[in-house]
$ cat work-v7.tsv   # TSV, N, CA and C atoms
chain	number	residue	atom	x	y	z
A	1	MET	N	34.05	11.78	36.45
A	1	MET	CA	34.50	12.03	35.11
A	1	MET	C	35.22	10.79	34.61
A	2	ASP	N	34.98	10.43	33.32
A	2	ASP	CA	35.67	9.29	32.74
A	2	ASP	C	35.89	9.52	31.24
A	3	VAL	N	36.49	8.52	30.58
A	3	VAL	CA	36.84	8.62	29.16
A	3	VAL	C	36.31	7.40	28.43
A	4	LEU	N	35.62	7.63	27.33
A	4	LEU	CA	35.20	6.55	26.44
A	4	LEU	C	35.98	6.71	25.14
A	5	ILE	N	36.68	5.66	24.74
A	5	ILE	CA	37.43	5.67	23.48
A	5	ILE	C	36.63	4.86	22.48
A	6	THR	N	36.22	5.48	21.37
A	6	THR	CA	35.41	4.79	20.38
A	6	THR	C	36.23	3.68	19.72
A	7	PRO	N	35.57	2.70	19.11
A	7	PRO	CA	36.30	1.63	18.43
A	7	PRO	C	37.27	2.15	17.37
A	8	GLU	N	36.87	3.17	16.62
A	8	GLU	CA	37.76	3.71	15.58
A	8	GLU	C	39.01	4.33	16.21
A	9	ALA	N	38.84	5.10	17.27
A	9	ALA	CA	40.00	5.69	17.95
A	9	ALA	C	40.88	4.61	18.56
A	10	MET	N	40.28	3.52	19.06
A	10	MET	CA	41.07	2.43	19.62
A	10	MET	C	41.88	1.74	18.51
A	11	ARG	N	41.31	1.63	17.31
A	11	ARG	CA	42.08	1.09	16.17
A	11	ARG	C	43.27	1.99	15.84
A	12	GLU	N	43.09	3.29	15.96
A	12	GLU	CA	44.19	4.22	15.70
A	12	GLU	C	45.28	4.06	16.75
A	13	ILE	N	44.91	3.81	18.00
A	13	ILE	CA	45.90	3.53	19.04
A	13	ILE	C	46.63	2.23	18.72
A	14	GLU	N	45.89	1.21	18.27
A	14	GLU	CA	46.51	-0.06	17.89
A	14	GLU	C	47.46	0.13	16.71
A	15	ALA	N	47.10	1.00	15.77
A	15	ALA	CA	47.99	1.30	14.64
A	15	ALA	C	49.27	1.96	15.14
A	16	LEU	N	49.15	2.86	16.10
A	16	LEU	CA	50.34	3.46	16.70
A	16	LEU	C	51.23	2.40	17.34
A	17	ARG	N	50.59	1.45	18.03
A	17	ARG	CA	51.34	0.38	18.67
A	17	ARG	C	52.12	-0.41	17.62
A	18	ALA	N	51.49	-0.69	16.48
A	18	ALA	CA	52.16	-1.45	15.41
A	18	ALA	C	53.33	-0.67	14.82
A	19	ILE	N	53.19	0.64	14.71
A	19	ILE	CA	54.24	1.48	14.15
A	19	ILE	C	55.41	1.65	15.12
A	20	ARG	N	55.09	1.60	16.42
A	20	ARG	CA	56.07	1.77	17.50
A	20	ARG	C	56.78	3.13	17.41
A	21	PRO	N	56.03	4.20	17.61
A	21	PRO	CA	56.64	5.53	17.52
A	21	PRO	C	57.63	5.78	18.66
A	22	ALA	N	58.48	6.75	18.44
A	22	ALA	CA	59.49	7.12	19.43
A	22	ALA	C	58.81	7.66	20.70
A	23	PRO	N	59.49	7.51	21.84
A	23	PRO	CA	58.96	8.13	23.06
A	23	PRO	C	58.75	9.62	22.86
A	24	SER	N	57.77	10.16	23.52
A	24	SER	CA	57.39	11.57	23.45
A	24	SER	C	56.72	11.95	22.15
A	25	THR	N	56.35	10.97	21.31
A	25	THR	CA	55.47	11.27	20.18
A	25	THR	C	54.14	11.71	20.79
A	26	TRP	N	53.57	12.77	20.26
A	26	TRP	CA	52.34	13.30	20.82
A	26	TRP	C	51.36	13.64	19.71
A	27	GLY	N	50.13	13.88	20.10
A	27	GLY	CA	49.12	14.25	19.11
A	27	GLY	C	47.86	14.79	19.77
A	28	ILE	N	46.89	15.03	18.93
A	28	ILE	CA	45.64	15.66	19.32
A	28	ILE	C	44.56	14.60	19.50
A	29	LEU	N	43.71	14.80	20.48
A	29	LEU	CA	42.53	13.96	20.69
A	29	LEU	C	41.32	14.74	20.18
A	30	VAL	N	40.63	14.16	19.22
A	30	VAL	CA	39.45	14.80	18.64
A	30	VAL	C	38.23	14.05	19.13
A	31	GLY	N	37.22	14.77	19.55
A	31	GLY	CA	36.00	14.15	20.05
A	31	GLY	C	35.08	15.19	20.63
A	32	HIS	N	34.40	14.83	21.69
A	32	HIS	CA	33.51	15.77	22.36
A	32	HIS	C	33.33	15.35	23.81
A	33	ARG	N	32.67	16.21	24.53
A	33	ARG	CA	32.39	15.96	25.94
A	33	ARG	C	30.89	15.89	26.11
A	34	ARG	N	30.44	14.90	26.83
A	34	ARG	CA	29.01	14.77	27.14
A	34	ARG	C	28.90	14.59	28.64
A	35	GLY	N	28.39	15.62	29.30
A	35	GLY	CA	28.30	15.58	30.76
A	35	GLY	C	29.69	15.45	31.36
A	36	PHE	N	29.88	14.41	32.16
A	36	PHE	CA	31.16	14.17	32.81
A	36	PHE	C	32.00	13.14	32.05
A	37	ARG	N	31.74	12.96	30.77
A	37	ARG	CA	32.46	11.97	29.98
A	37	ARG	C	33.13	12.61	28.76
A	38	PHE	N	34.42	12.31	28.60
A	38	PHE	CA	35.13	12.64	27.37
A	38	PHE	C	34.90	11.48	26.41
A	39	ILE	N	34.57	11.78	25.16
A	39	ILE	CA	34.42	10.75	24.14
A	39	ILE	C	35.46	11.01	23.08
A	40	VAL	N	36.45	10.11	23.00
A	40	VAL	CA	37.55	10.24	22.04
A	40	VAL	C	37.12	9.55	20.75
A	41	GLU	N	37.08	10.32	19.66
A	41	GLU	CA	36.66	9.78	18.37
A	41	GLU	C	37.81	9.62	17.39
A	42	LYS	N	38.90	10.35	17.61
A	42	LYS	CA	40.03	10.31	16.69
A	42	LYS	C	41.31	10.62	17.43
A	43	ILE	N	42.37	9.92	17.02
A	43	ILE	CA	43.72	10.14	17.55
A	43	ILE	C	44.54	10.65	16.36
A	44	PHE	N	45.07	11.87	16.46
A	44	PHE	CA	45.81	12.46	15.34
A	44	PHE	C	47.24	12.77	15.77
A	45	PRO	N	48.24	11.96	15.34
A	45	PRO	CA	49.64	12.27	15.68
A	45	PRO	C	50.05	13.62	15.10
A	46	ALA	N	50.75	14.41	15.90
A	46	ALA	CA	51.07	15.77	15.45
A	46	ALA	C	52.52	16.18	15.68
A	47	GLY	N	53.30	15.45	16.46
A	47	GLY	CA	54.68	15.85	16.73
A	47	GLY	C	55.42	14.76	17.47
A	48	SER	N	56.70	15.00	17.66
A	48	SER	CA	57.48	14.01	18.41
A	48	SER	C	58.70	14.68	19.03
A	49	GLY	N	59.33	13.91	19.90
A	49	GLY	CA	60.56	14.38	20.54
A	49	GLY	C	60.33	15.60	21.39
A	50	ARG	N	61.23	16.54	21.26
A	50	ARG	CA	61.18	17.75	22.10
A	50	ARG	C	60.20	18.80	21.59
A	51	THR	N	59.63	18.59	20.39
A	51	THR	CA	58.64	19.53	19.86
A	51	THR	C	57.37	19.38	20.66
A	52	LEU	N	56.94	20.46	21.28
A	52	LEU	CA	55.75	20.44	22.12
A	52	LEU	C	54.63	21.21	21.44
A	53	PRO	N	53.38	20.94	21.80
A	53	PRO	CA	52.26	21.63	21.17
A	53	PRO	C	52.26	23.12	21.48
A	54	SER	N	52.36	23.93	20.43
A	54	SER	CA	52.31	25.38	20.62
A	54	SER	C	50.85	25.83	20.56
A	55	GLU	N	50.57	26.97	21.15
A	55	GLU	CA	49.21	27.51	21.10
A	55	GLU	C	48.81	27.80	19.66
A	56	ARG	N	49.77	28.23	18.84
A	56	ARG	CA	49.50	28.52	17.43
A	56	ARG	C	49.07	27.27	16.68
A	57	LEU	N	49.78	26.16	16.91
A	57	LEU	CA	49.44	24.91	16.25
A	57	LEU	C	48.06	24.43	16.70
A	58	VAL	N	47.80	24.49	17.97
A	58	VAL	CA	46.50	24.05	18.49
A	58	VAL	C	45.39	24.92	17.93
A	59	ALA	N	45.62	26.23	17.80
A	59	ALA	CA	44.61	27.13	17.22
A	59	ALA	C	44.34	26.75	15.76
A	60	GLU	N	45.38	26.41	15.02
A	60	GLU	CA	45.22	26.02	13.61
A	60	GLU	C	44.44	24.70	13.52
A	61	LEU	N	44.76	23.74	14.38
A	61	LEU	CA	44.03	22.47	14.37
A	61	LEU	C	42.59	22.66	14.82
A	62	ASP	N	42.35	23.61	15.73
A	62	ASP	CA	40.99	23.91	16.16
A	62	ASP	C	40.19	24.53	15.02
A	63	ARG	N	40.86	25.20	14.11
A	63	ARG	CA	40.18	25.74	12.93
A	63	ARG	C	39.71	24.58	12.04
A	64	ILE	N	40.49	23.52	11.98
A	64	ILE	CA	40.14	22.35	11.17
A	64	ILE	C	39.04	21.54	11.82
A	65	TRP	N	39.14	21.33	13.15
A	65	TRP	CA	38.14	20.59	13.92
A	65	TRP	C	37.54	21.55	14.95
A	66	PRO	N	36.67	22.48	14.53
A	66	PRO	CA	36.18	23.51	15.46
A	66	PRO	C	35.51	22.93	16.71
A	67	GLY	N	36.06	23.30	17.86
A	67	GLY	CA	35.49	22.89	19.13
A	67	GLY	C	35.58	21.41	19.43
A	68	ARG	N	36.35	20.66	18.66
A	68	ARG	CA	36.39	19.21	18.82
A	68	ARG	C	37.70	18.70	19.39
A	69	ILE	N	38.67	19.58	19.62
A	69	ILE	CA	39.92	19.14	20.23
A	69	ILE	C	39.70	19.09	21.73
A	70	ILE	N	39.71	17.85	22.26
A	70	ILE	CA	39.41	17.68	23.69
A	70	ILE	C	40.66	17.42	24.52
A	71	GLY	N	41.81	17.34	23.86
A	71	GLY	CA	43.03	17.13	24.61
A	71	GLY	C	44.17	16.62	23.77
A	72	LEU	N	45.15	16.02	24.45
A	72	LEU	CA	46.38	15.54	23.84
A	72	LEU	C	46.67	14.12	24.28
A	73	PHE	N	47.47	13.43	23.48
A	73	PHE	CA	48.01	12.15	23.93
A	73	PHE	C	49.51	12.21	23.74
A	74	ALA	N	50.23	11.38	24.46
A	74	ALA	CA	51.68	11.26	24.29
A	74	ALA	C	52.09	9.82	24.55
A	75	VAL	N	53.05	9.37	23.77
A	75	VAL	CA	53.61	8.04	23.95
A	75	VAL	C	54.79	8.17	24.91
A	76	ARG	N	54.70	7.48	26.04
A	76	ARG	CA	55.73	7.54	27.08
A	76	ARG	C	56.26	8.98	27.22
A	77	PRO	N	55.38	9.89	27.66
A	77	PRO	CA	55.76	11.31	27.69
A	77	PRO	C	56.89	11.60	28.67
A	78	GLY	N	57.74	12.53	28.27
A	78	GLY	CA	58.83	12.98	29.12
A	78	GLY	C	58.37	14.11	30.03
A	79	ALA	N	59.27	14.53	30.88
A	79	ALA	CA	58.96	15.58	31.85
A	79	ALA	C	58.60	16.90	31.16
A	80	ALA	N	59.25	17.22	30.03
A	80	ALA	CA	58.97	18.47	29.34
A	80	ALA	C	57.53	18.51	28.82
A	81	PHE	N	57.06	17.39	28.29
A	81	PHE	CA	55.67	17.33	27.81
A	81	PHE	C	54.70	17.50	28.97
A	82	LYS	N	54.93	16.76	30.05
A	82	LYS	CA	54.04	16.83	31.21
A	82	LYS	C	53.97	18.26	31.75
A	83	LYS	N	55.10	18.94	31.77
A	83	LYS	CA	55.13	20.32	32.25
A	83	LYS	C	54.39	21.25	31.28
A	84	ALA	N	54.52	20.99	29.97
A	84	ALA	CA	53.90	21.86	28.96
A	84	ALA	C	52.37	21.86	29.05
A	85	VAL	N	51.77	20.76	29.46
A	85	VAL	CA	50.31	20.70	29.52
A	85	VAL	C	49.74	21.26	30.82
A	86	LEU	N	50.61	21.57	31.78
A	86	LEU	CA	50.14	22.10	33.06
A	86	LEU	C	50.07	23.62	33.01
A	87	GLY	N	48.99	24.10	32.41
A	87	GLY	CA	48.80	25.53	32.31
A	87	GLY	C	47.37	25.84	31.91
A	88	PRO	N	47.04	27.11	31.87
A	88	PRO	CA	45.66	27.51	31.60
A	88	PRO	C	45.15	27.08	30.23
A	89	ALA	N	46.02	26.98	29.23
A	89	ALA	CA	45.57	26.58	27.89
A	89	ALA	C	44.98	25.18	27.88
A	90	TRP	N	45.41	24.32	28.78
A	90	TRP	CA	44.95	22.93	28.80
A	90	TRP	C	44.04	22.61	29.98
A	91	TYR	N	43.67	23.64	30.76
A	91	TYR	CA	42.80	23.41	31.91
A	91	TYR	C	41.49	22.73	31.47
A	92	GLY	N	41.13	21.64	32.16
A	92	GLY	CA	39.90	20.93	31.86
A	92	GLY	C	39.99	19.99	30.67
A	93	LYS	N	41.16	19.92	30.04
A	93	LYS	CA	41.35	19.07	28.87
A	93	LYS	C	41.84	17.68	29.29
A	94	LEU	N	41.66	16.75	28.39
A	94	LEU	CA	42.07	15.37	28.57
A	94	LEU	C	43.51	15.19	28.10
A	95	VAL	N	44.29	14.44	28.85
A	95	VAL	CA	45.66	14.09	28.48
A	95	VAL	C	45.78	12.58	28.66
A	96	ILE	N	46.14	11.88	27.58
A	96	ILE	CA	46.28	10.43	27.65
A	96	ILE	C	47.74	10.06	27.47
A	97	HIS	N	48.26	9.30	28.43
A	97	HIS	CA	49.61	8.75	28.33
A	97	HIS	C	49.48	7.34	27.76
A	98	LEU	N	50.23	7.06	26.71
A	98	LEU	CA	50.20	5.73	26.09
A	98	LEU	C	51.53	5.03	26.31
A	99	SER	N	51.46	3.76	26.67
A	99	SER	CA	52.63	2.89	26.72
A	99	SER	C	52.34	1.79	25.71
A	100	LEU	N	53.09	1.77	24.63
A	100	LEU	CA	52.81	0.86	23.52
A	100	LEU	C	53.85	-0.23	23.45
A	101	SER	N	53.55	-1.38	24.03
A	101	SER	CA	54.47	-2.52	23.95
A	101	SER	C	54.05	-3.39	22.78
A	102	ALA	N	54.85	-4.40	22.49
A	102	ALA	CA	54.57	-5.29	21.36
A	102	ALA	C	53.22	-5.98	21.51
A	103	GLY	N	52.80	-6.26	22.73
A	103	GLY	CA	51.56	-7.01	22.93
A	103	GLY	C	50.33	-6.18	23.20
A	104	THR	N	50.48	-5.05	23.87
A	104	THR	CA	49.30	-4.27	24.28
A	104	THR	C	49.57	-2.78	24.22
A	105	ALA	N	48.50	-2.04	24.34
A	105	ALA	CA	48.58	-0.58	24.44
A	105	ALA	C	47.98	-0.20	25.79
A	106	ALA	N	48.80	0.29	26.71
A	106	ALA	CA	48.31	0.75	28.00
A	106	ALA	C	47.89	2.21	27.86
A	107	VAL	N	46.66	2.49	28.25
A	107	VAL	CA	46.08	3.83	28.12
A	107	VAL	C	45.82	4.37	29.52
A	108	ARG	N	46.47	5.51	29.84
A	108	ARG	CA	46.28	6.13	31.15
A	108	ARG	C	45.76	7.55	30.96
A	109	PRO	N	44.45	7.77	31.19
A	109	PRO	CA	43.88	9.10	31.00
A	109	PRO	C	43.97	9.98	32.25
A	110	PHE	N	44.17	11.25	31.99
A	110	PHE	CA	44.23	12.28	33.04
A	110	PHE	C	43.43	13.49	32.56
A	111	VAL	N	43.05	14.34	33.49
A	111	VAL	CA	42.48	15.63	33.15
A	111	VAL	C	43.33	16.68	33.85
A	112	VAL	N	43.51	17.83	33.20
A	112	VAL	CA	44.29	18.92	33.78
A	112	VAL	C	43.36	19.70	34.72
A	113	GLU	N	43.72	19.71	35.99
A	113	GLU	CA	42.93	20.39	37.02
A	113	GLU	C	43.76	21.51	37.65
A	114	PHE	N	43.05	22.37	38.40
A	114	PHE	CA	43.72	23.45	39.10
A	114	PHE	C	43.21	23.52	40.53
A	115	GLY	N	44.13	23.49	41.47
A	115	GLY	CA	43.83	23.66	42.88
A	115	GLY	C	45.11	24.20	43.52
A	116	ARG	N	45.28	25.49	43.51
A	116	ARG	CA	46.50	26.18	43.94
A	116	ARG	C	47.61	26.08	42.91
A	117	LYS	N	47.65	24.95	42.16
A	117	LYS	CA	48.57	24.81	41.03
A	117	LYS	C	47.96	23.80	40.06
A	118	PHE	N	48.45	23.80	38.82
A	118	PHE	CA	47.94	22.87	37.82
A	118	PHE	C	48.51	21.48	38.08
A	119	SER	N	47.67	20.47	37.86
A	119	SER	CA	48.10	19.08	38.05
A	119	SER	C	47.32	18.17	37.11
A	120	LEU	N	47.87	16.98	36.92
A	120	LEU	CA	47.19	15.95	36.15
A	120	LEU	C	46.49	15.02	37.14
A	121	VAL	N	45.18	14.87	36.98
A	121	VAL	CA	44.39	14.02	37.87
A	121	VAL	C	43.93	12.81	37.06
A	122	ARG	N	44.26	11.63	37.54
A	122	ARG	CA	43.92	10.39	36.85
A	122	ARG	C	42.41	10.19	36.84
A	123	ILE	N	41.86	9.80	35.69
A	123	ILE	CA	40.44	9.48	35.58
A	123	ILE	C	40.30	8.10	34.92
A	124	PRO	N	39.18	7.41	35.15
A	124	PRO	CA	39.04	6.05	34.63
A	124	PRO	C	38.60	6.01	33.17
A	125	LEU	N	38.90	4.88	32.54
A	125	LEU	CA	38.35	4.57	31.22
A	125	LEU	C	36.95	4.01	31.43
A	126	ALA	N	36.02	4.44	30.59
A	126	ALA	CA	34.66	3.90	30.65
A	126	ALA	C	34.64	2.54	29.96
A	127	ALA	N	33.80	1.66	30.43
A	127	ALA	CA	33.65	0.36	29.79
A	127	ALA	C	33.02	0.55	28.42
A	128	ALA	N	33.47	-0.22	27.45
A	128	ALA	CA	32.90	-0.15	26.10
A	128	ALA	C	31.46	-0.61	26.15
A	129	VAL	N	30.61	0.06	25.40
A	129	VAL	CA	29.19	-0.28	25.36
A	129	VAL	C	28.96	-1.13	24.11
A	130	LYS	N	28.40	-2.31	24.30
A	130	LYS	CA	28.12	-3.19	23.16
A	130	LYS	C	26.78	-2.79	22.55
A	131	ALA	N	26.76	-2.78	21.21
A	131	ALA	CA	25.52	-2.44	20.51
A	131	ALA	C	24.51	-3.57	20.67
A	132	LYS	N	23.25	-3.21	20.81
A	132	LYS	CA	22.20	-4.22	20.91
A	132	LYS	C	21.95	-4.81	19.53
A	133	THR	N	21.65	-6.08	19.48
A	133	THR	CA	21.31	-6.73	18.22
A	133	THR	C	19.82	-6.98	18.17
A	134	ASP	N	19.27	-7.12	16.96
A	134	ASP	CA	17.85	-7.39	16.81
A	134	ASP	C	17.48	-8.69	17.51
A	135	GLY	N	16.32	-8.75	18.09
A	135	GLY	CA	15.84	-9.96	18.74
A	135	GLY	C	16.19	-10.04	20.21
A	136	GLN	N	16.80	-9.00	20.77
A	136	GLN	CA	17.12	-9.03	22.20
A	136	GLN	C	16.32	-8.00	22.94

$ encode --input "work-v7.tsv" --output "structure tokens"
Amino acid sequence: MDVLITPEAMREIEALRAIRPAPSTWGILVGHRRGFRFIVEKIFPAGSGRTLPSERLVAELDRIWPGRIIGLFAVRPGAAFKKAVLGPAWYGKLVIHLSLSAGTAAVRPFVVEFGRKFSLVRIPLAAAVKAKTDGQ
């Protein structure tokens, strides 16, 4: 299993880096799953600080993007956020931890798994695929 972040979603991560949001800012990952790959198409900031994603909020956002919410992201997530995603509502979903420094955006993807208890299992980023140009 791996994660592919589209160029548009990567620009949104770069925009977050430029804004420098507070730690524990979190949001929704919009995209789809193809086989064993998560494809992130949009990063949508939705909360910050101690406000955690409620099932009601996620249901409302799922109404807007039906079946397209593939997980959550958080900027330097705290323990409360990490604990909040370890449950049946997020099983099999993608969770991306972002560290946004002045120079770069570190992206660490995980998937919520279950084996006697819920845990975050690190998964790799897929290499970006370059589009073919005419004449090649």

$ closest_atom_pairs --input "work-v7.tsv" --of "range 23-91 of chain A" --to "range 101-116 of chain A" --cutoff "12 Å" --atoms "only C-alpha atoms" --output "Markdown table"
| residue | atom | partner | partner_atom | distance |
| --- | --- | --- | --- | --- |
| A:Pro23 | CA | A:Ser101 | CA | 11.6 |
| A:Leu29 | CA | A:Pro109 | CA | 11.5 |
| A:Phe36 | CA | A:Val111 | CA | 11.4 |
| A:Arg37 | CA | A:Val111 | CA | 11.1 |
| A:Phe38 | CA | A:Val111 | CA | 9.8 |
| A:Ile39 | CA | A:Pro109 | CA | 11.8 |
| A:Val40 | CA | A:Pro109 | CA | 11.0 |
| A:Ile70 | CA | A:Val111 | CA | 10.2 |
| A:Gly71 | CA | A:Val111 | CA | 8.7 |
| A:Leu72 | CA | A:Pro109 | CA | 9.9 |
| A:Phe73 | CA | A:Pro109 | CA | 8.7 |
| A:Ala74 | CA | A:Val107 | CA | 10.1 |
| A:Val75 | CA | A:Val107 | CA | 9.6 |
| A:Arg76 | CA | A:Ala106 | CA | 10.1 |
| A:Pro77 | CA | A:Arg108 | CA | 11.3 |
| A:Lys82 | CA | A:Val112 | CA | 10.3 |
| A:Lys83 | CA | A:Val112 | CA | 11.0 |
| A:Ala84 | CA | A:Val112 | CA | 11.1 |
| A:Val85 | CA | A:Val112 | CA | 7.6 |
| A:Leu86 | CA | A:Val112 | CA | 6.7 |
| A:Gly87 | CA | A:Val112 | CA | 8.1 |
| A:Pro88 | CA | A:Phe114 | CA | 8.7 |
| A:Ala89 | CA | A:Val112 | CA | 9.7 |
| A:Trp90 | CA | A:Val112 | CA | 6.4 |
| A:Tyr91 | CA | A:Val112 | CA | 5.1 |

$ select_by_dssp --input "work-v7.tsv" --residues "range 4-136 of chain A" --states "helix (DSSP H, G or I)" --output "ChimeraX atom specification"
/A:7-19,55-64,79-84,88-90

$ write_last_selection --input "work-v7.tsv" --atoms "N, CA and C atoms" --output "mmCIF file, keeping the file's coordinate frame"
data_model
loop_
_atom_site.group_PDB
_atom_site.id
_atom_site.type_symbol
_atom_site.label_atom_id
_atom_site.label_comp_id
_atom_site.auth_asym_id
_atom_site.auth_seq_id
_atom_site.Cartn_x
_atom_site.Cartn_y
_atom_site.Cartn_z
ATOM 1 N N PRO A 7 35.570 2.700 19.110
ATOM 2 C CA PRO A 7 36.300 1.630 18.430
ATOM 3 C C PRO A 7 37.270 2.150 17.370
ATOM 4 N N GLU A 8 36.870 3.170 16.620
ATOM 5 C CA GLU A 8 37.760 3.710 15.580
ATOM 6 C C GLU A 8 39.010 4.330 16.210
ATOM 7 N N ALA A 9 38.840 5.100 17.270
ATOM 8 C CA ALA A 9 40.000 5.690 17.950
ATOM 9 C C ALA A 9 40.880 4.610 18.560
ATOM 10 N N MET A 10 40.280 3.520 19.060
ATOM 11 C CA MET A 10 41.070 2.430 19.620
ATOM 12 C C MET A 10 41.880 1.740 18.510
ATOM 13 N N ARG A 11 41.310 1.630 17.310
ATOM 14 C CA ARG A 11 42.080 1.090 16.170
ATOM 15 C C ARG A 11 43.270 1.990 15.840
ATOM 16 N N GLU A 12 43.090 3.290 15.960
ATOM 17 C CA GLU A 12 44.190 4.220 15.700
ATOM 18 C C GLU A 12 45.280 4.060 16.750
ATOM 19 N N ILE A 13 44.910 3.810 18.000
ATOM 20 C CA ILE A 13 45.900 3.530 19.040
ATOM 21 C C ILE A 13 46.630 2.230 18.720
ATOM 22 N N GLU A 14 45.890 1.210 18.270
ATOM 23 C CA GLU A 14 46.510 -0.060 17.890
ATOM 24 C C GLU A 14 47.460 0.130 16.710
ATOM 25 N N ALA A 15 47.100 1.000 15.770
ATOM 26 C CA ALA A 15 47.990 1.300 14.640
ATOM 27 C C ALA A 15 49.270 1.960 15.140
ATOM 28 N N LEU A 16 49.150 2.860 16.100
ATOM 29 C CA LEU A 16 50.340 3.460 16.700
ATOM 30 C C LEU A 16 51.230 2.400 17.340
ATOM 31 N N ARG A 17 50.590 1.450 18.030
ATOM 32 C CA ARG A 17 51.340 0.380 18.670
ATOM 33 C C ARG A 17 52.120 -0.410 17.620
ATOM 34 N N ALA A 18 51.490 -0.690 16.480
ATOM 35 C CA ALA A 18 52.160 -1.450 15.410
ATOM 36 C C ALA A 18 53.330 -0.670 14.820
ATOM 37 N N ILE A 19 53.190 0.640 14.710
ATOM 38 C CA ILE A 19 54.240 1.480 14.150
ATOM 39 C C ILE A 19 55.410 1.650 15.120
ATOM 40 N N GLU A 55 50.570 26.970 21.150
ATOM 41 C CA GLU A 55 49.210 27.510 21.100
ATOM 42 C C GLU A 55 48.810 27.800 19.660
ATOM 43 N N ARG A 56 49.770 28.230 18.840
ATOM 44 C CA ARG A 56 49.500 28.520 17.430
ATOM 45 C C ARG A 56 49.070 27.270 16.680
ATOM 46 N N LEU A 57 49.780 26.160 16.910
ATOM 47 C CA LEU A 57 49.440 24.910 16.250
ATOM 48 C C LEU A 57 48.060 24.430 16.700
ATOM 49 N N VAL A 58 47.800 24.490 17.970
ATOM 50 C CA VAL A 58 46.500 24.050 18.490
ATOM 51 C C VAL A 58 45.390 24.920 17.930
ATOM 52 N N ALA A 59 45.620 26.230 17.800
ATOM 53 C CA ALA A 59 44.610 27.130 17.220
ATOM 54 C C ALA A 59 44.340 26.750 15.760
ATOM 55 N N GLU A 60 45.380 26.410 15.020
ATOM 56 C CA GLU A 60 45.220 26.020 13.610
ATOM 57 C C GLU A 60 44.440 24.700 13.520
ATOM 58 N N LEU A 61 44.760 23.740 14.380
ATOM 59 C CA LEU A 61 44.030 22.470 14.370
ATOM 60 C C LEU A 61 42.590 22.660 14.820
ATOM 61 N N ASP A 62 42.350 23.610 15.730
ATOM 62 C CA ASP A 62 40.990 23.910 16.160
ATOM 63 C C ASP A 62 40.190 24.530 15.020
ATOM 64 N N ARG A 63 40.860 25.200 14.110
ATOM 65 C CA ARG A 63 40.180 25.740 12.930
ATOM 66 C C ARG A 63 39.710 24.580 12.040
ATOM 67 N N ILE A 64 40.490 23.520 11.980
ATOM 68 C CA ILE A 64 40.140 22.350 11.170
ATOM 69 C C ILE A 64 39.040 21.540 11.820
ATOM 70 N N ALA A 79 59.270 14.530 30.880
ATOM 71 C CA ALA A 79 58.960 15.580 31.850
ATOM 72 C C ALA A 79 58.600 16.900 31.160
ATOM 73 N N ALA A 80 59.250 17.220 30.030
ATOM 74 C CA ALA A 80 58.970 18.470 29.340
ATOM 75 C C ALA A 80 57.530 18.510 28.820
ATOM 76 N N PHE A 81 57.060 17.390 28.290
ATOM 77 C CA PHE A 81 55.670 17.330 27.810
ATOM 78 C C PHE A 81 54.700 17.500 28.970
ATOM 79 N N LYS A 82 54.930 16.760 30.050
ATOM 80 C CA LYS A 82 54.040 16.830 31.210
ATOM 81 C C LYS A 82 53.970 18.260 31.750
ATOM 82 N N LYS A 83 55.100 18.940 31.770
ATOM 83 C CA LYS A 83 55.130 20.320 32.250
ATOM 84 C C LYS A 83 54.390 21.250 31.280
ATOM 85 N N ALA A 84 54.520 20.990 29.970
ATOM 86 C CA ALA A 84 53.900 21.860 28.960
ATOM 87 C C ALA A 84 52.370 21.860 29.050
ATOM 88 N N PRO A 88 47.040 27.110 31.870
ATOM 89 C CA PRO A 88 45.660 27.510 31.600
ATOM 90 C C PRO A 88 45.150 27.080 30.230
ATOM 91 N N ALA A 89 46.020 26.980 29.230
ATOM 92 C CA ALA A 89 45.570 26.580 27.890
ATOM 93 C C ALA A 89 44.980 25.180 27.880
ATOM 94 N N TRP A 90 45.410 24.320 28.780
ATOM 95 C CA TRP A 90 44.950 22.930 28.800
ATOM 96 C C TRP A 90 44.040 22.610 29.980
#

$ atom_distance --input "work-v7.tsv" --atom1 "CA of Val30 in chain A" --atom2 "CA of Thr6 in chain A"
10.9 Å

$ closest_residue --input "work-v7.tsv" --among "A:Asp2, A:Leu16, A:Arg33, A:Trp26" --to "His97 in chain A" --atoms "only C-alpha atoms"
A:Trp26

$ closest_residue --input "work-v7.tsv" --among "A:Ala126, A:Ala80, A:Ala18, A:Ile69" --to "Lys93 in chain A" --atoms "only N, CA and C atoms"
A:Ile69

$ residues_near_point --input "work-v7.tsv" --point "(42.1, 13.9, 15.3)" --cutoff "9 Å" --atoms "only C-alpha atoms" --output "JSON, numbers by chain"
{"A": [9, 27, 28, 29, 30, 31, 40, 41, 42, 43, 44, 45, 61, 65, 68, 69]}

$ atom_distance --input "work-v7.tsv" --atom1 "atom N of Ala127 in chain A" --atom2 "CA of Val95 in chain A"
17.3 Å

$ atom_distance --input "work-v7.tsv" --atom1 "CA of Leu52 in chain A" --atom2 "CA of Gly35 in chain A"
29.2 Å
